Every structure is written in structure tokens, then in C-alpha cells.
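*Asks:* Sharing final01.cif, mmCIF, C-alpha atoms and all ligand atoms:
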data_data
loop_
_atom_site.label_atom_id
_atom_site.label_comp_id
_atom_site.auth_asym_id
_atom_site.auth_seq_id
_atom_site.Cartn_x
_atom_site.Cartn_y
_atom_site.Cartn_z
CA MET A 1 3.84 -47.92 17.81
CA ILE A 2 6.24 -48.83 20.59
CA GLY A 3 9.53 -50.15 19.28
CA THR A 4 10.98 -53.07 21.19
CA THR A 5 14.13 -55.18 21.15
CA LYS A 6 14.67 -58.58 22.74
CA LYS A 7 16.43 -58.78 26.07
CA PRO A 8 19.40 -61.18 25.98
CA PHE A 9 18.24 -64.69 26.84
CA PRO A 10 20.50 -64.94 29.95
CA GLU A 11 18.83 -61.78 31.29
CA ILE A 12 15.40 -63.35 30.77
CA MET A 13 16.53 -66.55 32.51
CA ALA A 14 17.84 -64.46 35.42
CA ALA A 15 14.46 -62.70 35.70
CA LEU A 16 12.75 -66.11 35.78
CA GLU A 17 15.14 -67.62 38.31
CA GLY A 18 13.19 -69.62 40.86
CA TYR A 19 10.05 -69.78 38.72
CA GLN A 20 9.49 -73.18 37.11
CA LYS A 21 6.00 -72.77 35.66
CA VAL A 22 5.95 -69.86 33.23
CA ALA A 23 3.23 -68.43 30.98
CA VAL A 24 4.36 -66.47 27.94
CA VAL A 25 2.22 -63.55 26.77
CA GLY A 26 3.11 -61.79 23.55
CA CYS A 27 1.55 -58.99 21.56
CA ASP A 28 0.32 -59.26 17.99
CA GLY A 29 0.52 -55.48 17.62
CA CYS A 30 3.72 -53.45 17.77
CA ALA A 31 5.85 -56.33 19.06
CA LYS A 32 4.77 -58.44 16.13
CA VAL A 33 5.83 -55.66 13.76
CA CYS A 34 9.19 -55.47 15.56
CA LEU A 35 9.65 -59.27 15.34
CA THR A 36 10.02 -59.42 19.12
CA GLY A 37 6.70 -60.62 20.55
CA GLY A 38 4.23 -61.85 17.95
CA THR A 39 2.83 -65.37 17.88
CA ASP A 40 5.96 -66.73 16.19
CA GLU A 41 8.35 -65.09 18.67
CA VAL A 42 6.26 -66.30 21.63
CA ALA A 43 6.40 -69.87 20.33
CA ALA A 44 10.15 -69.63 19.70
CA LEU A 45 10.93 -68.27 23.16
CA ALA A 46 8.63 -70.80 24.83
CA GLN A 47 10.62 -73.51 23.05
CA GLU A 48 13.89 -72.01 24.28
CA LEU A 49 12.55 -71.91 27.83
CA ARG A 50 11.39 -75.55 27.60
CA ALA A 51 14.90 -76.48 26.47
CA GLN A 52 16.14 -74.88 29.71
CA GLY A 53 13.73 -77.02 31.74
CA LYS A 54 10.90 -74.53 32.24
CA GLU A 55 7.29 -75.71 32.13
CA ILE A 56 5.20 -73.49 29.86
CA VAL A 57 1.72 -73.18 31.33
CA PHE A 58 0.30 -71.45 28.26
CA GLU A 59 1.16 -69.16 25.37
CA ALA A 60 -1.10 -66.27 24.47
CA CYS A 61 -0.86 -63.37 22.07
CA PRO A 62 -3.51 -60.64 22.31
CA GLU A 63 -3.89 -58.41 19.29
CA ARG A 64 -2.72 -55.39 21.35
CA THR A 65 -1.52 -56.32 24.84
CA CYS A 66 -1.08 -52.65 25.86
CA ASN A 67 -4.80 -52.18 25.22
CA VAL A 68 -7.09 -53.51 27.94
CA VAL A 69 -9.94 -53.76 25.44
CA LYS A 70 -7.90 -56.28 23.45
CA ALA A 71 -5.94 -58.01 26.22
CA ASP A 72 -8.71 -58.60 28.76
CA PRO A 73 -10.86 -60.87 26.53
CA VAL A 74 -7.82 -63.06 25.83
CA LEU A 75 -6.42 -63.21 29.36
CA ALA A 76 -9.63 -63.29 31.43
CA PRO A 77 -10.61 -66.81 30.19
CA LEU A 78 -7.07 -67.90 31.10
CA ALA A 79 -7.36 -66.76 34.73
CA ASP A 80 -7.27 -70.32 36.06
CA ARG A 81 -4.16 -71.04 33.99
CA ILE A 82 -2.58 -67.79 35.21
CA LYS A 83 -3.12 -69.05 38.78
CA GLU A 84 -1.11 -72.17 37.86
CA ALA A 85 1.84 -70.09 36.65
CA GLU A 86 4.65 -69.02 38.99
CA ALA A 87 5.50 -66.12 36.68
CA LEU A 88 4.23 -64.47 33.52
CA LEU A 89 6.75 -63.44 30.89
CA VAL A 90 5.46 -60.71 28.61
CA LEU A 91 6.94 -60.09 25.19
CA GLY A 92 5.53 -56.62 24.75
CA CYS A 93 6.38 -53.01 25.48
CA GLY A 94 6.62 -51.65 29.02
CA GLY A 95 2.98 -50.66 28.73
CA ALA A 96 1.97 -54.20 27.75
CA VAL A 97 3.83 -55.62 30.73
CA GLN A 98 2.09 -53.23 33.09
CA ILE A 99 -1.36 -53.75 31.56
CA THR A 100 -0.83 -57.51 31.97
CA ARG A 101 0.13 -56.94 35.61
CA GLU A 102 -2.91 -54.74 36.15
CA LEU A 103 -5.16 -57.42 34.63
CA THR A 104 -3.72 -60.14 36.89
CA GLU A 105 -4.42 -57.87 39.83
CA LYS A 106 -7.95 -57.25 38.52
CA TYR A 107 -8.44 -61.04 38.42
CA GLY A 108 -7.31 -61.21 42.04
CA ILE A 109 -4.11 -63.07 41.19
CA THR A 110 -0.77 -62.11 42.72
CA VAL A 111 1.89 -63.37 40.36
CA PRO A 112 5.16 -61.83 39.18
CA VAL A 113 4.90 -60.33 35.71
CA LYS A 114 8.28 -60.13 33.97
CA THR A 115 9.37 -58.63 30.69
CA GLY A 116 11.45 -60.20 27.95
CA LEU A 117 11.83 -56.97 25.96
CA ASN A 118 13.27 -53.48 26.18
CA SER A 119 11.04 -50.69 24.95
CA VAL A 120 13.12 -48.36 22.84
CA GLY A 121 10.87 -45.75 21.31
CA HIS A 122 7.35 -44.37 21.36
CA MET A 123 6.16 -44.63 17.82
CA ASP A 124 2.45 -43.77 17.61
CA THR A 125 0.89 -46.19 20.10
CA LEU A 126 -2.90 -46.09 20.03
CA ILE A 127 -4.78 -47.11 23.20
CA GLY A 128 -8.50 -47.73 22.85
CA GLY A 129 -11.17 -46.30 25.15
CA THR A 130 -11.60 -42.75 26.41
CA LEU A 131 -8.50 -42.37 28.57
CA ALA A 132 -4.86 -42.97 27.77
CA VAL A 133 -2.50 -43.29 30.73
CA GLU A 134 1.22 -43.06 30.17
CA GLN A 135 2.89 -46.27 31.26
CA CYS A 136 6.38 -46.18 29.79
CA GLN A 137 8.88 -43.65 28.51
CA GLU A 138 10.77 -46.24 26.48
CA CYS A 139 14.06 -45.65 28.26
CA GLY A 140 15.76 -48.54 26.43
CA ASP A 141 16.98 -50.10 29.69
CA CYS A 142 13.91 -51.54 31.37
CA ILE A 143 13.97 -52.00 35.16
CA LEU A 144 10.44 -53.37 35.62
CA ASN A 145 11.96 -56.68 36.72
CA GLU A 146 13.32 -54.91 39.80
CA THR A 147 10.30 -52.73 40.62
CA GLY A 148 7.41 -55.18 40.74
CA GLY A 149 6.28 -54.34 37.22
CA ILE A 150 5.58 -50.68 38.08
CA CYS A 151 7.67 -48.07 36.29
CA PRO A 152 9.15 -45.37 38.56
CA VAL A 153 10.68 -43.57 35.59
CA THR A 154 7.17 -42.81 34.33
CA LYS A 155 4.92 -42.96 37.40
CA CYS A 156 7.10 -41.16 39.96
CA ALA A 157 6.86 -37.40 39.37
CA LYS A 158 10.61 -37.13 39.96
CA GLY A 159 11.50 -40.30 38.07
CA LEU A 160 13.32 -41.60 41.15
CA LEU A 161 15.05 -44.96 40.80
CA ASN A 162 15.60 -45.29 44.55
CA GLY A 163 12.43 -43.91 46.11
CA PRO A 164 10.38 -42.83 47.84
CA CYS A 165 11.44 -39.20 48.20
CA GLY A 166 9.80 -38.84 51.63
CA GLY A 167 7.27 -36.24 50.60
CA ALA A 168 4.25 -38.49 50.11
CA GLU A 169 1.22 -37.97 52.33
CA ASP A 170 -1.46 -40.60 52.81
CA GLY A 171 0.02 -42.51 49.89
CA LYS A 172 -0.27 -39.55 47.53
CA CYS A 173 2.51 -37.82 45.60
CA GLU A 174 3.71 -34.48 46.96
CA VAL A 175 3.97 -33.12 43.41
CA ASP A 176 0.38 -34.03 42.50
CA PRO A 177 -1.79 -35.15 45.45
CA SER A 178 -4.40 -36.50 43.03
CA ARG A 179 -1.98 -39.30 42.13
CA ASP A 180 -0.70 -42.26 44.08
CA CYS A 181 2.97 -42.18 45.06
CA ALA A 182 4.62 -44.58 42.62
CA TRP A 183 7.12 -45.81 45.18
CA ILE A 184 4.44 -46.64 47.72
CA LEU A 185 2.67 -48.61 44.96
CA ILE A 186 5.97 -50.38 44.22
CA TYR A 187 6.49 -51.18 47.92
CA LYS A 188 2.96 -52.58 48.23
CA ARG A 189 3.42 -54.66 45.10
CA MET A 190 6.76 -56.04 46.29
CA ALA A 191 5.21 -56.78 49.69
CA ALA A 192 2.39 -58.70 48.00
CA LEU A 193 5.04 -60.70 46.15
CA GLY A 194 7.08 -61.22 49.35
CA GLU A 195 10.01 -59.45 47.72
CA THR A 196 10.55 -56.27 49.78
CA ALA A 197 14.11 -57.35 50.59
CA LYS A 198 14.99 -56.73 46.95
CA LEU A 199 14.22 -53.03 47.43
CA LYS A 200 17.32 -52.70 49.61
CA LYS A 201 19.45 -53.02 46.49
CA PHE A 202 20.69 -49.66 45.19
CA THR A 203 19.70 -48.97 41.60
CA ALA A 204 22.49 -47.21 39.74
CA PRO A 205 21.73 -44.11 37.64
CA LYS A 206 20.35 -45.04 34.26
CA ASP A 207 22.39 -44.75 31.11
CA TYR A 208 20.25 -42.15 29.40
CA SER A 209 22.39 -42.28 26.27
CA LYS A 210 20.10 -45.22 25.42
CA ALA A 211 17.20 -42.76 25.36
CA ALA A 212 18.90 -40.14 23.20
CA LYS A 213 16.50 -39.01 20.49
CA PRO A 214 15.58 -39.39 17.76
CA ARG A 215 16.12 -43.12 17.91
CA VAL A 216 15.95 -45.42 14.92
CA LEU A 217 15.09 -49.09 15.40
CA HIS A 218 16.69 -51.54 13.00
CA ILE A 219 14.07 -54.26 13.34
CA LYS A 220 15.80 -57.20 11.70
CA GLU A 221 19.10 -56.48 13.48
CA GLY A 222 17.28 -55.85 16.79
CA ARG A 223 19.36 -52.79 17.51
CA VAL A 224 18.84 -49.08 18.11
CA ALA A 225 20.99 -46.46 16.40
S1 LIG B 301 11.87 -48.78 32.98
FE1 LIG B 301 9.89 -47.74 32.63
S2 LIG B 301 10.37 -46.28 31.01
FE2 LIG B 301 12.02 -47.78 30.97
S3 LIG B 301 11.33 -49.34 29.44
FE3 LIG B 301 10.69 -50.05 31.50
S4 LIG B 301 8.55 -49.34 31.73
FE4 LIG B 301 9.50 -48.14 30.07
S1 LIG B 302 5.88 -38.64 46.46
FE1 LIG B 302 6.32 -40.65 45.48
S2 LIG B 302 5.73 -40.40 43.28
FE2 LIG B 302 5.84 -38.33 44.20
S3 LIG B 302 7.92 -37.64 43.71
FE3 LIG B 302 8.01 -38.57 45.77
S4 LIG B 302 8.58 -40.74 45.42
FE4 LIG B 302 7.90 -39.89 43.42
#
Take the structure in this file and express it as C-alpha cells.
*Replies:*
Amino acid sequence: MIGTTKKPFPEIMAALEGYQKVAVVGCDGCAKVCLTGGTDEVAALAQELRAQGKEIVFEACPERTCNVVKADPVLAPLADRIKEAEALLVLGCGGAVQITRELTEKYGITVPVKTGLNSVGHMDTLIGGTLAVEQCQECGDCILNETGGICPVTKCAKGLLNGPCGGAEDGKCEVDPSRDCAWILIYKRMAALGETAKLKKFTAPKDYSKAAKPRVLHIKEGRVA
């Protein structure tokens, strides 16, 4: 299970700045257990967003949003509604956010996919199918809102926050040429969103004390200790 805590509401509003029509996607798996992104939390946050003047295009809550096998059947029939949305807000772990982004791309829809949660610990996540791909290292200080929904901490071999390193060739990572360079993927994603100017902003070193292990998640208090 991936432990998650809620991002402060002002941080969520900042991530959604400029986007009026928002779809909220939760996860009835780990996030439900953590009381951060199940059906009830999705409904509650959608209500908060409405109170701030946002238009909620739809609410959805796959059984396991990090699992394509579970998320695709829920989101694929909503493709036309996803096209209406100016942004998707995902209440799930970093993996769930990125699977949602990958599904929107699979549907041929270019829409920002934002997160409302911080992933704070890898606690026995099970991904269906024959291949599990690491999406998130649960750093506790999620920067997906700044990197087009692609995690450089996990997908860049060097974990660079201000890439690329300059060693990529033909879009492939110099550390492992069988893999795409994460920062080239981020650039392409930001270009598709018309947001490359945001990449000029320097990202400060992460506070890795938030990732010190072993972490314990106090679910009801929404805190890590
Ligand atoms: S920045 Fe990456 S490692 Fe950290 S929570 Fe987000 S997806 Fe996970
Ligand atoms: S080539 Fe790209 S993915 Fe590989 S280490 Fe450099 S920036 Fe990271």
C-alpha cells in the first residue's frame, strides 16, 4: 500500500490556478484506506472546490487508480468528459497520478493532471498484470505539479530535479540507453501543455528528511512521524 496525506487546500488551489473546469479522480484502494482519496474524500474535496467557484466536470473513483487494469475501465468511458475538463485532480499516490496521465495520453487527450496528495511511504502496493514499473519513491514532497506529471526523482537515473544532465543521446538515458531520458519526456510533456516556460524555474534541493525511514503514517491525523 502507498501511504498518502492530503496536500494543504491552498496548495491544491495554486496547482489548479487558471483551470475552471476540473475533474476529480480518487482511488478506492490505498487512498481510501488512508482517508485521503476514497469516494467520500473525492466528494468532500469536489464540494470544497465548488465553494471556491470551480466547475466539477465529474467525480470518479477507480478501485485501484495505480493499476491500469482497474483504472482504464472506469476512465475510458469518461474520455469525452475528460476532454471537457481543463485539468484533472487526482487524489491518489504518485503512481496513480502518473497512471491517470498515461491513460489520458492513451486516449489522445492532452490535459494537465494534478495531484492533491503527497505520497509518503511504499507499503506493499500490488500492481496487476505481468510487469510492474516503478512510478514513485514516495518522497513526501511531491513535485509532479511542476514536472508535467512525470517524476524525475524516480524516472531520471540520477534523480535530477533540474535536468537534463546533457548526456542523453537520441532521447535515451546515458545511464541505461534502453530507457527514455526522463527530462526529455518532461520537456515534451510540458511542450504539449504549452508550459515550457515553467521549466526555467530552479527547483531547490528536496528536503529528504521527509523521506527518512522507516516512516509511520498516522492516518487519522494525516501526518508522518
Ligand atoms: S515527486 Fe516523485 S517520488 Fe516524490 S511523491 Fe511525487 S511522484 Fe513520488
Ligand atoms: S540522460 Fe536523462 S534520465 Fe538519464 S541521467 Fe541524464 S537527465 Fe536523467
*Asks:* Could you list, as a PDB file with C-alpha atoms, keeping the file's coordinate frame, all the residues within 7 Å of ligand LIG 302 (chain B), counting only C-alpha atoms and all ligand atoms?
*Replies:*
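Printed below is pocket_11.pdb as written:
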ATOM      1  CA  LYS A 155       4.920 -42.960  37.400  1.00  0.00           C
ATOM      2  CA  CYS A 156       7.100 -41.160  39.960  1.00  0.00           C
ATOM      3  CA  ALA A 157       6.860 -37.400  39.370  1.00  0.00           C
ATOM      4  CA  LYS A 158      10.610 -37.130  39.960  1.00  0.00           C
ATOM      5  CA  GLY A 159      11.500 -40.300  38.070  1.00  0.00           C
ATOM      6  CA  LEU A 160      13.320 -41.600  41.150  1.00  0.00           C
ATOM      7  CA  GLY A 163      12.430 -43.910  46.110  1.00  0.00           C
ATOM      8  CA  PRO A 164      10.380 -42.830  47.840  1.00  0.00           C
ATOM      9  CA  CYS A 165      11.440 -39.200  48.200  1.00  0.00           C
ATOM     10  CA  GLY A 166       9.800 -38.840  51.630  1.00  0.00           C
ATOM     11  CA  GLY A 167       7.270 -36.240  50.600  1.00  0.00           C
ATOM     12  CA  ALA A 168       4.250 -38.490  50.110  1.00  0.00           C
ATOM     13  CA  LYS A 172      -0.270 -39.550  47.530  1.00  0.00           C
ATOM     14  CA  CYS A 173       2.510 -37.820  45.600  1.00  0.00           C
ATOM     15  CA  GLU A 174       3.710 -34.480  46.960  1.00  0.00           C
ATOM     16  CA  VAL A 175       3.970 -33.120  43.410  1.00  0.00           C
ATOM     17  CA  ASP A 180      -0.700 -42.260  44.080  1.00  0.00           C
ATOM     18  CA  CYS A 181       2.970 -42.180  45.060  1.00  0.00           C
ATOM     19  CA  ALA A 182       4.620 -44.580  42.620  1.00  0.00           C
ATOM     20  CA  TRP A 183       7.120 -45.810  45.180  1.00  0.00           C
ATOM     21  CA  ILE A 184       4.440 -46.640  47.720  1.00  0.00           C
TER      22      ILE A 184
END
*Asks:* Can you write out as a tab-separated table which residues of chain A fall within 6 Å of ligand LIG 301 (chain B), alongside each residue's closest atom pair and its distance in Å to one decimal, counting all atoms listed in the file and ordering rows by chain and ascending residue number?
*Replies:*
residue	atom	partner	partner_atom	distance
A:Gly94	CA	B:LIG301	S4	4.1
A:Asn118	CA	B:LIG301	S3	5.6
A:Ser119	CA	B:LIG301	S3	4.7
A:Cys136	CA	B:LIG301	FE4	3.7
A:Gln137	CA	B:LIG301	S2	3.9
A:Glu138	CA	B:LIG301	FE4	4.3
A:Cys139	CA	B:LIG301	FE2	4.0
A:Gly140	CA	B:LIG301	S3	5.4
A:Asp141	CA	B:LIG301	FE2	5.6
A:Cys142	CA	B:LIG301	FE3	3.6
A:Ile143	CA	B:LIG301	S1	4.4
A:Leu144	CA	B:LIG301	FE3	5.3
A:Cys151	CA	B:LIG301	FE1	4.3
A:Val153	CA	B:LIG301	FE1	5.2
A:Thr154	CA	B:LIG301	S2	5.8
*Asks:* Leaving out region 185-195 of chain A and any residue of its chain fewer than 5 positions from it, which residues lie within 7 Å of it when counting all atoms listed in the file, given as a list in words?
*Replies:* Thr110, Thr147, Gly148 and Ile150 of chain A
*Asks:* List the neighbours of region 8-22 of chain A out to 7 Å using all atoms listed in the file; skip same-chain residues closer than 2 positions along the sequence, and give me the result as an NGL selection string.
*Replies:* :A and (6 or 24 or 54-57 or 85-89 or 114 or 116 or 145)
*Asks:* Nearest residue to Leu49 (chain A) out of A:Leu117, A:Val216, A:Ala23, A:Ala79, using all atoms listed in the file?
*Replies:*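 Among A:Leu117, A:Val216, A:Ala23, A:Ala79, it is A:Ala23 that comes nearest to Leu49 (chain A).
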*Asks:* Quick check, in Å to one decimal: how far apart do CA of Ala211 (chain A) and CA of Arg223 (chain A) lie?
*Replies:*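 Taking CA of Ala211 (chain A) and CA of Arg223 (chain A), their separation equals 12.9 Å.
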*Asks:* One decimal, Å: what's the distance from CA of Thr100 (chain A) over to CA of Leu217 (chain A), could you say?
*Replies:* 24.5 Å
*Asks:* So that I can check the surroundings of Val74 (chain A), please list as a PDB file with C-alpha atoms, keeping the file's coordinate frame every protein, DNA and RNA residue that reaches within 10 Å of it, counting only C-alpha atoms and ignoring chain neighbours fewer than 3 positions away.
*Replies:*
ATOM      1  CA  ALA A  60      -1.100 -66.270  24.470  1.00  0.00           C
ATOM      2  CA  CYS A  61      -0.860 -63.370  22.070  1.00  0.00           C
ATOM      3  CA  PRO A  62      -3.510 -60.640  22.310  1.00  0.00           C
ATOM      4  CA  GLU A  63      -3.890 -58.410  19.290  1.00  0.00           C
ATOM      5  CA  THR A  65      -1.520 -56.320  24.840  1.00  0.00           C
ATOM      6  CA  VAL A  68      -7.090 -53.510  27.940  1.00  0.00           C
ATOM      7  CA  VAL A  69      -9.940 -53.760  25.440  1.00  0.00           C
ATOM      8  CA  LYS A  70      -7.900 -56.280  23.450  1.00  0.00           C
ATOM      9  CA  ALA A  71      -5.940 -58.010  26.220  1.00  0.00           C
ATOM     10  CA  PRO A  77     -10.610 -66.810  30.190  1.00  0.00           C
ATOM     11  CA  LEU A  78      -7.070 -67.900  31.100  1.00  0.00           C
ATOM     12  CA  ALA A  79      -7.360 -66.760  34.730  1.00  0.00           C
TER      13      ALA A  79
END
*Asks:* Quick one: pull the distance between CA of Val25 (chain A) and CA of Gln52 (chain A), Å, one decimal.
*Replies:*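 One can read the CA of Val25 (chain A) to CA of Gln52 (chain A) distance as 18.2 Å.
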*Asks:* Excluding same-chain residues fewer than 2 positions from Cys34 (chain A), what lies within 8 Å of it counting all atoms listed in the file, as a PyMOL selection string?
*Replies:* chain A and resi 3-5+30-32+36-37+219-220
*Asks:* Would you put the residues from that selection into a file with C-alpha atoms, as a PDB file, in the coordinates of the input?
*Replies:*
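Ended up saving to again.pdb:
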ATOM      1  CA  GLY A   3       9.530 -50.150  19.280  1.00  0.00           C
ATOM      2  CA  THR A   4      10.980 -53.070  21.190  1.00  0.00           C
ATOM      3  CA  THR A   5      14.130 -55.180  21.150  1.00  0.00           C
ATOM      4  CA  CYS A  30       3.720 -53.450  17.770  1.00  0.00           C
ATOM      5  CA  ALA A  31       5.850 -56.330  19.060  1.00  0.00           C
ATOM      6  CA  LYS A  32       4.770 -58.440  16.130  1.00  0.00           C
ATOM      7  CA  THR A  36      10.020 -59.420  19.120  1.00  0.00           C
ATOM      8  CA  GLY A  37       6.700 -60.620  20.550  1.00  0.00           C
ATOM      9  CA  ILE A 219      14.070 -54.260  13.340  1.00  0.00           C
ATOM     10  CA  LYS A 220      15.800 -57.200  11.700  1.00  0.00           C
TER      11      LYS A 220
END
*Asks:* With distances taken over only C-alpha atoms, which of A:Leu75, A:Leu35, A:Asn67, A:Ala51 is nearest to Glu221 (chain A)?
*Replies:*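 Between A:Leu75, A:Leu35, A:Asn67, A:Ala51, the residue approaching Glu221 (chain A) most closely is A:Leu35.
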*Asks:* Would you mind writing region 182-211 of chain A with N, CA and C atoms, as a tab-separated table (two decimals), in the frame of the given file?
*Replies:*
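Saved result, rebuild_8.tsv, follows:
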chain	number	residue	atom	x	y	z
A	182	ALA	N	4.18	-43.38	43.35
A	182	ALA	CA	4.62	-44.58	42.62
A	182	ALA	C	5.42	-45.52	43.51
A	183	TRP	N	6.26	-44.94	44.37
A	183	TRP	CA	7.12	-45.81	45.18
A	183	TRP	C	6.35	-46.52	46.29
A	184	ILE	N	5.28	-45.92	46.75
A	184	ILE	CA	4.44	-46.64	47.72
A	184	ILE	C	3.71	-47.78	47.00
A	185	LEU	N	3.29	-47.53	45.74
A	185	LEU	CA	2.67	-48.61	44.96
A	185	LEU	C	3.68	-49.74	44.75
A	186	ILE	N	4.93	-49.35	44.44
A	186	ILE	CA	5.97	-50.38	44.22
A	186	ILE	C	6.19	-51.18	45.50
A	187	TYR	N	6.28	-50.47	46.65
A	187	TYR	CA	6.49	-51.18	47.92
A	187	TYR	C	5.36	-52.17	48.19
A	188	LYS	N	4.12	-51.70	47.98
A	188	LYS	CA	2.96	-52.58	48.23
A	188	LYS	C	2.99	-53.79	47.31
A	189	ARG	N	3.35	-53.56	46.07
A	189	ARG	CA	3.42	-54.66	45.10
A	189	ARG	C	4.50	-55.67	45.50
A	190	MET	N	5.67	-55.15	45.88
A	190	MET	CA	6.76	-56.04	46.29
A	190	MET	C	6.39	-56.79	47.57
A	191	ALA	N	5.66	-56.12	48.46
A	191	ALA	CA	5.21	-56.78	49.69
A	191	ALA	C	4.25	-57.91	49.35
A	192	ALA	N	3.34	-57.66	48.40
A	192	ALA	CA	2.39	-58.70	48.00
A	192	ALA	C	3.12	-59.90	47.41
A	193	LEU	N	4.25	-59.62	46.76
A	193	LEU	CA	5.04	-60.70	46.15
A	193	LEU	C	6.03	-61.31	47.15
A	194	GLY	N	6.11	-60.73	48.36
A	194	GLY	CA	7.08	-61.22	49.35
A	194	GLY	C	8.50	-60.90	48.95
A	195	GLU	N	8.70	-59.77	48.26
A	195	GLU	CA	10.01	-59.45	47.72
A	195	GLU	C	10.55	-58.08	48.18
A	196	THR	N	10.10	-57.60	49.35
A	196	THR	CA	10.55	-56.27	49.78
A	196	THR	C	12.05	-56.22	50.02
A	197	ALA	N	12.66	-57.35	50.34
A	197	ALA	CA	14.11	-57.35	50.59
A	197	ALA	C	14.87	-56.88	49.36
A	198	LYS	N	14.31	-57.13	48.18
A	198	LYS	CA	14.99	-56.73	46.95
A	198	LYS	C	15.07	-55.22	46.80
A	199	LEU	N	14.21	-54.48	47.53
A	199	LEU	CA	14.22	-53.03	47.43
A	199	LEU	C	15.41	-52.42	48.16
A	200	LYS	N	16.13	-53.22	48.94
A	200	LYS	CA	17.32	-52.70	49.61
A	200	LYS	C	18.48	-52.50	48.64
A	201	LYS	N	18.38	-53.12	47.49
A	201	LYS	CA	19.45	-53.02	46.49
A	201	LYS	C	19.42	-51.64	45.84
A	202	PHE	N	20.59	-50.99	45.82
A	202	PHE	CA	20.69	-49.66	45.19
A	202	PHE	C	20.61	-49.80	43.68
A	203	THR	N	19.78	-48.98	43.06
A	203	THR	CA	19.70	-48.97	41.60
A	203	THR	C	20.58	-47.84	41.08
A	204	ALA	N	21.55	-48.20	40.27
A	204	ALA	CA	22.49	-47.21	39.74
A	204	ALA	C	21.79	-46.26	38.77
A	205	PRO	N	22.33	-45.05	38.61
A	205	PRO	CA	21.73	-44.11	37.64
A	205	PRO	C	21.63	-44.76	36.27
A	206	LYS	N	20.56	-44.44	35.58
A	206	LYS	CA	20.35	-45.04	34.26
A	206	LYS	C	21.30	-44.43	33.25
A	207	ASP	N	21.59	-45.22	32.24
A	207	ASP	CA	22.39	-44.75	31.11
A	207	ASP	C	21.44	-44.12	30.09
A	208	TYR	N	21.25	-42.81	30.25
A	208	TYR	CA	20.25	-42.15	29.40
A	208	TYR	C	20.74	-41.93	27.96
A	209	SER	N	21.98	-42.34	27.68
A	209	SER	CA	22.39	-42.28	26.27
A	209	SER	C	21.54	-43.24	25.45
A	210	LYS	N	20.97	-44.27	26.13
A	210	LYS	CA	20.10	-45.22	25.42
A	210	LYS	C	18.77	-44.59	25.05
A	211	ALA	N	18.47	-43.43	25.65
A	211	ALA	CA	17.20	-42.76	25.36
A	211	ALA	C	17.40	-41.53	24.49
